[in-house]
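S.K.: My file is entry-v3.pdb. It has PDB, C-alpha atoms and all ligand atoms:
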ATOM      1  CA  MET A   1     -39.042 -44.911   9.977
ATOM      2  CA  LYS A   2     -37.214 -46.619  12.823
ATOM      3  CA  LEU A   3     -38.085 -50.274  13.316
ATOM      4  CA  THR A   4     -39.191 -49.839  16.960
ATOM      5  CA  LYS A   5     -41.511 -47.026  15.944
ATOM      6  CA  THR A   6     -42.959 -49.123  13.137
ATOM      7  CA  ILE A   7     -43.538 -52.059  15.498
ATOM      8  CA  ASN A   8     -45.198 -49.749  17.984
ATOM      9  CA  ARG A   9     -47.455 -48.232  15.323
ATOM     10  CA  LYS A  10     -48.360 -51.366  13.443
ATOM     11  CA  ILE A  11     -48.494 -53.971  16.189
ATOM     12  CA  ILE A  12     -48.380 -52.744  19.785
ATOM     13  CA  SER A  13     -50.667 -49.726  19.550
ATOM     14  CA  PRO A  14     -53.494 -51.458  17.654
ATOM     15  CA  LEU A  15     -53.256 -54.412  20.063
ATOM     16  CA  VAL A  16     -53.370 -52.310  23.236
ATOM     17  CA  TYR A  17     -56.166 -50.231  21.725
ATOM     18  CA  GLY A  18     -58.088 -53.283  20.489
ATOM     19  CA  LEU A  19     -58.061 -54.812  23.957
ATOM     20  CA  GLY A  20     -59.235 -51.560  25.537
ATOM     21  CA  ILE A  21     -56.188 -51.408  27.830
ATOM     22  CA  GLU A  22     -55.969 -47.655  27.323
ATOM     23  CA  GLN A  23     -59.515 -47.297  28.641
ATOM     24  CA  MET A  24     -58.663 -49.346  31.714
ATOM     25  CA  LEU A  25     -55.735 -46.964  32.368
ATOM     26  CA  ALA A  26     -57.971 -43.921  31.877
ATOM     27  CA  ARG A  27     -60.574 -45.241  34.320
ATOM     28  CA  ARG A  28     -57.909 -45.887  36.949
ATOM     29  CA  ALA A  29     -56.349 -42.434  36.602
ATOM     30  CA  ALA A  30     -56.434 -40.214  39.682
ATOM     31  CA  LYS A  31     -57.381 -37.215  37.548
ATOM     32  CA  HIS A  32     -60.721 -37.020  35.756
ATOM     33  CA  ARG A  33     -60.524 -33.972  33.516
ATOM     34  CA  ILE A  34     -58.299 -33.183  30.556
ATOM     35  CA  ILE A  35     -58.105 -30.426  27.946
ATOM     36  CA  LEU A  36     -56.815 -31.282  24.477
ATOM     37  CA  ASN A  37     -55.006 -28.935  22.142
ATOM     38  CA  TYR A  38     -55.316 -29.173  18.374
ATOM     39  CA  HIS A  39     -54.302 -26.631  15.740
ATOM     40  CA  GLY A  40     -55.721 -27.385  12.286
ATOM     41  CA  VAL A  41     -57.723 -30.180  10.658
ATOM     42  CA  THR A  42     -57.082 -30.827   6.995
ATOM     43  CA  ASP A  43     -58.338 -32.812   4.014
ATOM     44  CA  LYS A  44     -54.965 -32.231   2.340
ATOM     45  CA  PHE A  45     -52.792 -33.990   4.919
ATOM     46  CA  ASP A  46     -49.082 -33.502   4.282
ATOM     47  CA  LEU A  47     -46.448 -33.947   6.976
ATOM     48  CA  GLY A  48     -43.928 -32.605   4.474
ATOM     49  CA  ILE A  49     -45.335 -29.132   5.194
ATOM     50  CA  ASN A  50     -45.757 -29.289   8.967
ATOM     51  CA  HIS A  51     -47.157 -31.244  11.922
ATOM     52  CA  ARG A  52     -49.830 -28.770  12.971
ATOM     53  CA  HIS A  53     -52.830 -30.068  11.012
ATOM     54  CA  MET A  54     -54.566 -33.380  11.621
ATOM     55  CA  ASP A  55     -55.967 -35.513   8.851
ATOM     56  CA  VAL A  56     -59.753 -35.075   8.820
ATOM     57  CA  GLN A  57     -60.517 -38.798   8.934
ATOM     58  CA  GLN A  58     -58.252 -39.285  11.933
ATOM     59  CA  PHE A  59     -59.890 -36.308  13.615
ATOM     60  CA  GLU A  60     -63.331 -37.824  13.134
ATOM     61  CA  ARG A  61     -62.120 -41.083  14.698
ATOM     62  CA  ASP A  62     -60.817 -39.081  17.673
ATOM     63  CA  ILE A  63     -64.178 -37.394  18.190
ATOM     64  CA  LEU A  64     -66.063 -40.699  17.906
ATOM     65  CA  TYR A  65     -63.714 -42.195  20.489
ATOM     66  CA  PHE A  66     -64.124 -39.254  22.873
ATOM     67  CA  LYS A  67     -67.919 -39.451  22.546
ATOM     68  CA  LYS A  68     -67.775 -43.085  23.556
ATOM     69  CA  HIS A  69     -65.270 -42.937  26.399
ATOM     70  CA  PHE A  70     -65.435 -39.395  27.814
ATOM     71  CA  LYS A  71     -67.976 -36.678  28.296
ATOM     72  CA  ILE A  72     -66.985 -33.870  25.902
ATOM     73  CA  VAL A  73     -67.790 -30.569  27.594
ATOM     74  CA  SER A  74     -67.062 -26.922  26.891
ATOM     75  CA  LEU A  75     -63.977 -25.268  28.317
ATOM     76  CA  SER A  76     -66.157 -23.191  30.653
ATOM     77  CA  GLU A  77     -67.832 -26.310  31.948
ATOM     78  CA  ILE A  78     -64.585 -28.200  32.593
ATOM     79  CA  TYR A  79     -63.049 -25.145  34.261
ATOM     80  CA  ASN A  80     -66.065 -24.629  36.531
ATOM     81  CA  SER A  81     -66.117 -28.306  37.425
ATOM     82  CA  TYR A  82     -62.450 -27.988  38.433
ATOM     83  CA  LEU A  83     -63.053 -24.808  40.472
ATOM     84  CA  GLN A  84     -65.908 -26.449  42.343
ATOM     85  CA  GLY A  85     -63.644 -29.394  43.166
ATOM     86  CA  GLU A  86     -66.267 -31.983  42.294
ATOM     87  CA  THR A  87     -65.389 -35.520  41.215
ATOM     88  CA  PRO A  88     -67.148 -36.054  37.898
ATOM     89  CA  GLN A  89     -69.185 -39.225  37.303
ATOM     90  CA  GLU A  90     -67.263 -39.846  34.087
ATOM     91  CA  ASN A  91     -63.986 -38.454  32.766
ATOM     92  CA  LEU A  92     -64.448 -35.010  31.244
ATOM     93  CA  LEU A  93     -62.651 -33.808  28.139
ATOM     94  CA  ALA A  94     -62.576 -30.368  26.510
ATOM     95  CA  LEU A  95     -61.301 -29.493  23.021
ATOM     96  CA  THR A  96     -59.276 -26.417  22.081
ATOM     97  CA  PHE A  97     -57.826 -25.290  18.746
ATOM     98  CA  ASP A  98     -55.035 -22.713  18.605
ATOM     99  CA  ASP A  99     -54.317 -20.020  16.009
ATOM    100  CA  GLY A 100     -57.728 -19.689  14.298
ATOM    101  CA  TYR A 101     -57.097 -21.392  10.959
ATOM    102  CA  ILE A 102     -59.868 -21.232   8.344
ATOM    103  CA  ASN A 103     -59.815 -25.010   8.351
ATOM    104  CA  ASN A 104     -61.255 -24.858  11.899
ATOM    105  CA  LEU A 105     -64.426 -23.417  10.360
ATOM    106  CA  GLU A 106     -64.448 -25.367   7.112
ATOM    107  CA  ILE A 107     -63.220 -28.800   8.182
ATOM    108  CA  ALA A 108     -63.334 -29.146  11.984
ATOM    109  CA  LEU A 109     -66.621 -27.383  12.753
ATOM    110  CA  PRO A 110     -68.829 -29.604  10.524
ATOM    111  CA  ILE A 111     -67.467 -32.662  12.350
ATOM    112  CA  LEU A 112     -67.905 -31.056  15.775
ATOM    113  CA  GLU A 113     -71.512 -30.271  14.793
ATOM    114  CA  LYS A 114     -72.102 -33.779  13.435
ATOM    115  CA  TYR A 115     -71.219 -35.200  16.858
ATOM    116  CA  ASN A 116     -72.481 -32.293  18.971
ATOM    117  CA  ALA A 117     -69.000 -31.764  20.440
ATOM    118  CA  PRO A 118     -68.205 -28.352  21.982
ATOM    119  CA  ALA A 119     -64.813 -26.686  21.438
ATOM    120  CA  THR A 120     -62.931 -23.427  21.938
ATOM    121  CA  PHE A 121     -61.123 -21.650  19.090
ATOM    122  CA  TYR A 122     -58.171 -19.436  20.099
ATOM    123  CA  ILE A 123     -57.810 -16.564  17.664
ATOM    124  CA  ILE A 124     -54.726 -14.565  16.614
ATOM    125  CA  THR A 125     -56.488 -11.234  16.134
ATOM    126  CA  ALA A 126     -53.906  -9.761  13.707
ATOM    127  CA  GLY A 127     -55.267 -12.275  11.190
ATOM    128  CA  LEU A 128     -58.819 -10.928  11.381
ATOM    129  CA  GLU A 129     -58.388  -7.919   9.145
ATOM    130  CA  ASN A 130     -55.432  -8.985   7.028
ATOM    131  CA  PRO A 131     -56.181 -11.971   4.755
ATOM    132  CA  ASP A 132     -52.476 -12.230   3.974
ATOM    133  CA  PHE A 133     -51.354 -12.470   7.605
ATOM    134  CA  ILE A 134     -49.200 -15.532   8.175
ATOM    135  CA  THR A 135     -47.758 -16.644  11.510
ATOM    136  CA  TRP A 136     -43.983 -16.709  11.860
ATOM    137  CA  TYR A 137     -43.863 -20.524  12.115
ATOM    138  CA  ASP A 138     -46.013 -20.964   9.008
ATOM    139  CA  THR A 139     -43.707 -18.464   7.311
ATOM    140  CA  LEU A 140     -40.743 -20.654   8.222
ATOM    141  CA  ASP A 141     -42.521 -23.690   6.765
ATOM    142  CA  MET A 142     -43.142 -21.880   3.479
ATOM    143  CA  MET A 143     -39.498 -20.746   3.502
ATOM    144  CA  ARG A 144     -38.396 -24.344   4.021
ATOM    145  CA  LEU A 145     -40.535 -25.434   1.056
ATOM    146  CA  ALA A 146     -39.001 -22.643  -1.024
ATOM    147  CA  ASP A 147     -35.444 -23.521  -0.039
ATOM    148  CA  HIS A 148     -34.814 -26.271   2.456
ATOM    149  CA  ASN A 149     -31.183 -25.411   2.896
ATOM    150  CA  ALA A 150     -31.405 -21.626   3.097
ATOM    151  CA  HIS A 151     -31.408 -21.630   6.909
ATOM    152  CA  ASN A 152     -31.047 -23.768   9.969
ATOM    153  CA  TYR A 153     -34.787 -23.503  10.626
ATOM    154  CA  GLY A 154     -34.692 -24.877  14.166
ATOM    155  CA  GLU A 155     -32.140 -22.293  15.163
ATOM    156  CA  LEU A 156     -34.062 -19.561  13.382
ATOM    157  CA  ALA A 157     -37.265 -20.519  15.230
ATOM    158  CA  ASN A 158     -35.490 -20.270  18.593
ATOM    159  CA  GLN A 159     -34.183 -16.854  17.659
ATOM    160  CA  ILE A 160     -37.616 -15.608  16.537
ATOM    161  CA  LYS A 161     -39.278 -16.817  19.742
ATOM    162  CA  LYS A 162     -37.251 -14.244  21.655
ATOM    163  CA  MET A 163     -38.218 -11.311  19.418
ATOM    164  CA  GLY A 164     -40.911  -8.662  19.935
ATOM    165  CA  ASN A 165     -41.166  -5.445  17.908
ATOM    166  CA  GLY A 166     -38.983  -5.837  14.860
ATOM    167  CA  ARG A 167     -39.726  -9.524  14.449
ATOM    168  CA  ASP A 168     -41.915  -9.201  11.386
ATOM    169  CA  VAL A 169     -39.618  -6.776   9.553
ATOM    170  CA  TYR A 170     -36.756  -9.162  10.229
ATOM    171  CA  ILE A 171     -38.737 -12.114   8.820
ATOM    172  CA  GLN A 172     -39.807 -10.095   5.768
ATOM    173  CA  GLY A 173     -36.133  -9.460   5.076
ATOM    174  CA  LEU A 174     -35.540 -13.224   5.064
ATOM    175  CA  THR A 175     -38.494 -14.151   2.855
ATOM    176  CA  ALA A 176     -37.523 -11.445   0.334
ATOM    177  CA  GLN A 177     -34.321 -13.389  -0.283
ATOM    178  CA  LEU A 178     -36.197 -16.554  -1.273
ATOM    179  CA  PRO A 179     -37.606 -16.246  -4.800
ATOM    180  CA  ARG A 180     -39.978 -19.210  -4.414
ATOM    181  CA  TYR A 181     -41.422 -18.119  -1.067
ATOM    182  CA  GLU A 182     -44.554 -16.345  -2.423
ATOM    183  CA  GLU A 183     -45.238 -19.238  -4.781
ATOM    184  CA  MET A 184     -45.094 -21.748  -1.901
ATOM    185  CA  LYS A 185     -47.396 -19.559   0.161
ATOM    186  CA  LYS A 186     -49.918 -19.357  -2.695
ATOM    187  CA  ARG A 187     -49.749 -23.068  -3.272
ATOM    188  CA  ASN A 188     -50.592 -24.053   0.334
ATOM    189  CA  PRO A 189     -53.217 -21.614   1.674
ATOM    190  CA  HIS A 190     -54.899 -24.386   3.640
ATOM    191  CA  TYR A 191     -51.823 -24.629   5.862
ATOM    192  CA  TRP A 192     -51.611 -20.991   6.934
ATOM    193  CA  GLN A 193     -54.762 -18.955   6.243
ATOM    194  CA  LEU A 194     -56.446 -17.603   9.347
ATOM    195  CA  MET A 195     -60.093 -16.710   9.796
ATOM    196  CA  ASN A 196     -61.356 -13.204   9.116
ATOM    197  CA  ASN A 197     -64.021 -11.320  11.100
ATOM    198  CA  ALA A 198     -66.972 -12.867   9.256
ATOM    199  CA  GLN A 199     -65.576 -16.377   9.633
ATOM    200  CA  VAL A 200     -64.978 -16.017  13.370
ATOM    201  CA  LEU A 201     -68.519 -14.625  13.716
ATOM    202  CA  THR A 202     -69.860 -17.683  11.892
ATOM    203  CA  CYS A 203     -68.010 -19.957  14.330
ATOM    204  CA  ALA A 204     -69.243 -17.976  17.313
ATOM    205  CA  LYS A 205     -72.840 -18.369  16.120
ATOM    206  CA  SER A 206     -72.589 -22.117  16.647
ATOM    207  CA  LYS A 207     -73.789 -22.959  20.134
ATOM    208  CA  LEU A 208     -70.869 -25.396  20.375
ATOM    209  CA  ILE A 209     -68.057 -22.877  19.921
ATOM    210  CA  GLU A 210     -66.425 -20.601  22.464
ATOM    211  CA  ILE A 211     -63.868 -18.036  21.306
ATOM    212  CA  GLY A 212     -60.737 -17.090  23.225
ATOM    213  CA  SER A 213     -57.668 -14.921  22.761
ATOM    214  CA  HIS A 214     -54.366 -16.200  21.403
ATOM    215  CA  THR A 215     -52.976 -12.621  21.601
ATOM    216  CA  HIS A 216     -52.737 -10.200  18.688
ATOM    217  CA  LEU A 217     -49.441 -11.040  16.917
ATOM    218  CA  HIS A 218     -48.517 -14.338  18.561
ATOM    219  CA  TYR A 219     -45.340 -13.257  20.305
ATOM    220  CA  ASN A 220     -43.951 -15.448  23.066
ATOM    221  CA  VAL A 221     -45.284 -13.054  25.685
ATOM    222  CA  GLY A 222     -43.035 -14.326  28.463
ATOM    223  CA  ASN A 223     -39.922 -13.482  26.428
ATOM    224  CA  ILE A 224     -40.687  -9.970  25.186
ATOM    225  CA  ASP A 225     -40.856  -6.463  26.632
ATOM    226  CA  PHE A 226     -43.516  -6.500  29.361
ATOM    227  CA  ALA A 227     -45.415  -3.424  28.135
ATOM    228  CA  LEU A 228     -45.675  -4.948  24.643
ATOM    229  CA  ALA A 229     -46.847  -8.270  26.090
ATOM    230  CA  SER A 230     -49.505  -6.496  28.110
ATOM    231  CA  GLU A 231     -50.692  -4.569  25.053
ATOM    232  CA  GLU A 232     -50.834  -7.805  23.032
ATOM    233  CA  MET A 233     -53.159  -9.401  25.587
ATOM    234  CA  ARG A 234     -55.274  -6.275  26.063
ATOM    235  CA  LEU A 235     -55.681  -5.502  22.339
ATOM    236  CA  SER A 236     -56.729  -8.994  21.274
ATOM    237  CA  LYS A 237     -59.354  -9.106  24.047
ATOM    238  CA  LYS A 238     -60.752  -5.766  22.963
ATOM    239  CA  ILE A 239     -60.857  -6.690  19.255
ATOM    240  CA  LEU A 240     -62.674  -9.959  19.945
ATOM    241  CA  GLU A 241     -65.114  -8.323  22.365
ATOM    242  CA  ASN A 242     -65.961  -5.613  19.823
ATOM    243  CA  LEU A 243     -66.507  -8.239  17.155
ATOM    244  CA  LEU A 244     -68.529 -10.698  19.202
ATOM    245  CA  GLN A 245     -70.209  -8.252  21.579
ATOM    246  CA  LYS A 246     -69.475 -10.509  24.519
ATOM    247  CA  GLU A 247     -66.834 -10.866  27.189
ATOM    248  CA  ILE A 248     -63.714 -12.848  26.294
ATOM    249  CA  VAL A 249     -62.783 -14.766  29.421
ATOM    250  CA  SER A 250     -59.869 -16.947  28.368
ATOM    251  CA  ILE A 251     -56.416 -16.751  26.844
ATOM    252  CA  ALA A 252     -54.175 -19.514  25.493
ATOM    253  CA  TYR A 253     -50.529 -18.505  25.588
ATOM    254  CA  PRO A 254     -48.715 -18.607  22.217
ATOM    255  CA  ASP A 255     -46.110 -21.348  22.236
ATOM    256  CA  GLY A 256     -47.252 -22.022  25.828
ATOM    257  CA  ASN A 257     -44.952 -19.210  26.964
ATOM    258  CA  TYR A 258     -45.604 -17.002  30.032
ATOM    259  CA  THR A 259     -44.173 -15.887  33.365
ATOM    260  CA  ASP A 260     -45.599 -15.194  36.838
ATOM    261  CA  LYS A 261     -45.795 -11.505  35.993
ATOM    262  CA  ILE A 262     -47.667 -12.280  32.753
ATOM    263  CA  LYS A 263     -50.216 -14.394  34.649
ATOM    264  CA  ASP A 264     -50.871 -11.493  37.030
ATOM    265  CA  GLU A 265     -51.203  -9.078  34.125
ATOM    266  CA  ALA A 266     -53.605 -11.368  32.249
ATOM    267  CA  GLN A 267     -55.787 -11.541  35.344
ATOM    268  CA  GLN A 268     -55.595  -7.762  35.711
ATOM    269  CA  ILE A 269     -56.702  -7.331  32.089
ATOM    270  CA  GLY A 270     -59.733  -9.494  32.782
ATOM    271  CA  TYR A 271     -58.862 -13.012  31.685
ATOM    272  CA  LYS A 272     -60.542 -15.393  34.110
ATOM    273  CA  GLN A 273     -58.974 -18.514  32.609
ATOM    274  CA  GLN A 274     -55.440 -18.989  31.274
ATOM    275  CA  TYR A 275     -54.206 -21.999  29.335
ATOM    276  CA  ALA A 276     -50.714 -23.455  29.080
ATOM    277  CA  VAL A 277     -49.349 -26.372  27.067
ATOM    278  CA  ASN A 278     -46.774 -27.380  29.638
ATOM    279  CA  TYR A 279     -46.734 -25.726  33.026
ATOM    280  CA  GLN A 280     -43.762 -23.349  33.053
ATOM    281  CA  LEU A 281     -43.663 -22.478  36.749
ATOM    282  CA  GLY A 282     -43.546 -24.416  39.992
ATOM    283  CA  SER A 283     -46.542 -22.463  41.257
ATOM    284  CA  ASP A 284     -48.809 -23.394  38.324
ATOM    285  CA  ALA A 285     -50.173 -26.677  39.667
ATOM    286  CA  ASN A 286     -51.746 -24.872  42.633
ATOM    287  CA  ASP A 287     -52.738 -21.762  40.706
ATOM    288  CA  THR A 288     -56.433 -21.973  39.800
ATOM    289  CA  ARG A 289     -56.056 -19.256  37.146
ATOM    290  CA  ILE A 290     -54.104 -21.530  34.793
ATOM    291  CA  LEU A 291     -54.625 -25.042  33.445
ATOM    292  CA  ASN A 292     -52.508 -27.410  31.400
ATOM    293  CA  ARG A 293     -53.441 -28.852  28.020
ATOM    294  CA  TRP A 294     -52.430 -32.036  26.230
ATOM    295  CA  SER A 295     -51.206 -31.532  22.652
ATOM    296  CA  MET A 296     -52.559 -34.011  20.151
ATOM    297  CA  SER A 297     -49.889 -35.391  17.854
ATOM    298  CA  ASN A 298     -50.694 -35.156  14.158
ATOM    299  CA  SER A 299     -47.788 -37.337  13.138
ATOM    300  CA  THR A 300     -48.820 -40.545  14.859
ATOM    301  CA  THR A 301     -51.816 -42.867  14.561
ATOM    302  CA  HIS A 302     -55.207 -42.474  16.220
ATOM    303  CA  GLU A 303     -54.532 -45.602  18.266
ATOM    304  CA  ALA A 304     -51.188 -44.339  19.588
ATOM    305  CA  ASN A 305     -52.734 -40.971  20.421
ATOM    306  CA  MET A 306     -55.510 -42.589  22.460
ATOM    307  CA  ILE A 307     -52.967 -44.626  24.430
ATOM    308  CA  LEU A 308     -50.943 -41.477  25.095
ATOM    309  CA  LEU A 309     -54.108 -39.675  26.110
ATOM    310  CA  SER A 310     -55.019 -42.308  28.697
ATOM    311  CA  THR A 311     -51.576 -42.071  30.279
ATOM    312  CA  SER A 312     -51.583 -38.281  30.099
ATOM    313  CA  LEU A 313     -54.690 -38.015  32.279
ATOM    314  CA  ASN A 314     -52.448 -38.159  35.327
ATOM    315  CA  SER A 315     -49.676 -35.915  34.003
ATOM    316  CA  LYS A 316     -51.807 -33.297  32.200
ATOM    317  CA  GLY A 317     -55.222 -33.851  33.785
ATOM    318  CA  PHE A 318     -56.645 -32.055  36.801
TER     319      PHE A 318
HETATM  320 ZN    ZN B   1     -50.309 -20.637  18.547
END
Before we go any further, please render this structure as structure tokens.

M.R.:
Amino acid sequence: MKLTKTINRKIISPLVYGLGIEQMLARRAAKHRIILNYHGVTDKFDLGINHRHMDVQQFERDILYFKKHFKIVSLSEIYNSYLQGETPQENLLALTFDDGYINNLEIALPILEKYNAPATFYIITAGLENPDFITWYDTLDMMRLADHNAHNYGELANQIKKMGNGRDVYIQGLTAQLPRYEEMKKRNPHYWQLMNNAQVLTCAKSKLIEIGSHTHLHYNVGNIDFALASEEMRLSKKILENLLQKEIVSIAYPDGNYTDKIKDEAQQIGYKQQYAVNYQLGSDANDTRILNRWSMSNSTTHEANMILLSTSLNSKGF
């Protein structure tokens, strides 16, 4: 690790955090609402596999901190507060989790329930009926574990992000060439397994959990054929509504990718709330259909994350 990073982690961050400077910054922020984006929470933390799952103890510290310094509200509540244009008494924070990993149910939900913290889980509906479904980026991670040097994985990811129909056959062709791929997949189920119907139903039964769409196959909908993108958004909404017997009102865009035309289509399909990771378009900041989210880093400390959060209230808050 670079020396400056080590100094920041070991000395500066704990000091700033210990003095409560980050809280002073948060209180002074002009914006008073923020939505956080997590993916997984794990009790088998391993950055050697990927950066998408937070260590469970760090996650619990996050929640304790939020309980103390923010009001944790549901996504619906934070969105309605924003629409009504009210200035909240205290800073509001909402939690979202993308992709629908089983660890959301098994590891994150018990902690959310322990602290009575609401959250929204965004589900990739292709995973509901196929226990072997694995997202393309988790596939790449398992490929990397099988053979680190087989591909330039960054380049491959960029290529895959542009693909629609044909993507999965293409990826299957790549994994078939790596003899250790299946073994790596079997060895690390915690890092890629998505919830099935029964597991999503169990989550939805908790009064703390809202469910939203993360599309059906997790294509970058802004990059692919428009008709396919539309079908992806429509199908996942229908599948979730059939399962849960209630209206699905929100969508989180895979890889934070969308266009103006996609936003219009999502609204047309019936999504009342849309969620980005970084605003993609100049019009987004004044578009009440879409809100930004702040991605929690799983590769830095709790203290550093809380400092980043306080400064992100102005850039990612609303
Ligand atoms: Zn995703």

S.K.: How many Å lie between atom CA of Ile171 of chain A and atom CA of Asn152 of chain A, rounded to one decimal?

M.R.: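 Separating atom CA of Ile171 of chain A from atom CA of Asn152 of chain A is a distance of 14.0 Å.
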
S.K.: I need the residue nearest Glu106 of chain A from this list: A:Lys205, A:Lys272, A:His190, A:Arg9. Use only C-alpha atoms for the distance.

M.R.: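 Selected residue with least distance to Glu106 of chain A: A:His190.
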
S.K.: Exactly which residues make up the result of the PyMOL selection byres (((chain A and resi 112-123) around 7) and not hetatm) on this file, given as number ranges by chain?

M.R.: A: 72-75, 94-100, 108-111, 124-125, 208-214, 252

S.K.: Have a look at atom CA of His51 of chain A and atom CA of Ile107 of chain A and let me know their distance in Å, one decimal.

M.R.: 16.7 Å

S.K.: Apply the PyMOL selection byres (((chain A and resi 288-290) around 7) and not hetatm) to the displayed file and report the matching residues as number ranges by chain.

M.R.: A: 272-276, 284, 286-287, 291-292

S.K.: I need the output of the PyMOL selection byres (((chain A and resi 218) around 9) and not hetatm) for this file as a list in words; which residues are they?

M.R.: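 Applied to this file, the PyMOL selection byres (((chain A and resi 218) around 9) and not hetatm) returns Asp99, Ile124, Thr125, Ala126, Thr135, Trp136, His214, Thr215, His216, Leu217, Tyr219, Asn220, Val221, Glu232, Tyr253, Pro254 and Asp255 of chain A.
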
S.K.: Hey, which of A:Pro131, A:Gly270, A:Gly40, A:Gly18 ends up closest to ligand ZN 1 (chain B)? Count all atoms listed in the file.

M.R.: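 So, comparing all the options, the nearest one is A:Gly40.
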
S.K.: Need the neighbours of (-61.9, -43.0, 18.7): which residues are at most 12 Å away, counting only C-alpha atoms, as a PyMOL selection string?

M.R.: chain A and resi 14+17-18+20+22-23+57-70+301-307+309

S.K.: Please, what distance in Å, to one decimal, runs between atom CA of Gly256 of chain A and atom CA of Val277 of chain A?

M.R.: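 It comes out at 5.0 Å.
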
S.K.: What would segment 123-139 of chain A look like if you wrote it out as a compact mmCIF listing (two decimals), in the first residue's frame, with C-alpha atoms included, from the block I just posted?

M.R.:
# COMPACT_ATOMS: atom_id res chain seq x y z
CA ILE A 123 -33.12 -7.68 -7.69
CA ILE A 124 -31.74 -9.12 -10.95
CA THR A 125 -34.79 -11.21 -11.84
CA ALA A 126 -32.93 -13.71 -14.07
CA GLY A 127 -31.41 -15.02 -10.84
CA LEU A 128 -34.79 -15.86 -9.29
CA GLU A 129 -35.43 -19.11 -11.09
CA ASN A 130 -31.90 -20.19 -11.96
CA PRO A 131 -29.76 -21.01 -8.89
CA ASP A 132 -26.70 -21.16 -11.13
CA PHE A 133 -27.17 -17.68 -12.61
CA ILE A 134 -24.04 -15.58 -12.20
CA THR A 135 -23.64 -11.95 -13.25
CA TRP A 136 -21.09 -11.17 -15.93
CA TYR A 137 -18.82 -9.27 -13.51
CA ASP A 138 -18.87 -12.10 -10.98
CA THR A 139 -18.09 -14.43 -13.88
